[in-house]
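The structure under discussion appears below in the form of C-alpha cells.
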Amino acid sequence: MERRFELNKYGKIYSISLEVNSYMDGNLAIQMYSWEDGYPEPWDFLTVNLEGKREKDCAFIDTNHNGQEICMDYS
C-alpha cells in the first residue's frame, strides 16, 4: 500500500509519496512525488548524494532544497 504525507510548501499543501531508488553510483536515493491531479508527478529528491560510497540503506536528507521542516515527524 502506498503511503502519502502532506507537505506545506510555497503556501500550498502537497500530497507527497516516496519511491526508493538509487543514484548512478549505487547510493540510496529517495524520490518524492506530488499527487496533484490523481497521478504522481516527480517533485524532488528527499535525499542528496554526497561524495563517496555509502553503506546499504544509508542516506542524507536534503535540507538545503527541502528545508528543515522536511525532517518533522509525519507519522
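Residue numbering restarts at 1 for every chain of the C-alpha cells, chains are lettered A, B, ... in their displayed order, and ligands are numbered from 1 as they appear.
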
Checklist entry - Could you pull the residues within 7 Å of region 16-30 of chain A, counting only C-alpha atoms, minus those fewer than 4 positions along the same chain, as a list in words? => result Arg3, Arg4, Phe5, Glu6, Leu7, Ser34, Trp35, Phe45, Leu46, Thr47, Lys53, Arg54, Asp57, Cys58 and Ala59 of chain A

Next on the checklist: For the helix (DSSP H, G or I) assignment from backbone DSSP, which residues of chain A qualify? Please present them as a PyMOL selection string.
Outcome noted: chain A and resi 63-66+68-71

Next on the checklist: Please return, as a VMD selection string, all residues of region 5-59 of chain A that DSSP assigns to strand (DSSP E or B) on the basis of the backbone.
Outcome noted: chain A and resid 5 to 9 12 to 22 28 to 35 40 to 45 47 to 48

Next on the checklist: Give me the residues near Asn66 (chain A) as a VMD selection string, where near means some atom within 12 Å (using only C-alpha atoms) and where sequence neighbours in that chain fewer than 4 positions away do not count.
Outcome noted: chain A and resid 7 to 10 31 to 32 43 to 48 61 to 62 70 to 72

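Remark: for Ile13 (chain A), the closest of the candidate residues A:Gln68, A:Leu50, A:Glu36, A:Thr63 is A:Glu36 (distances computed over only C-alpha atoms).
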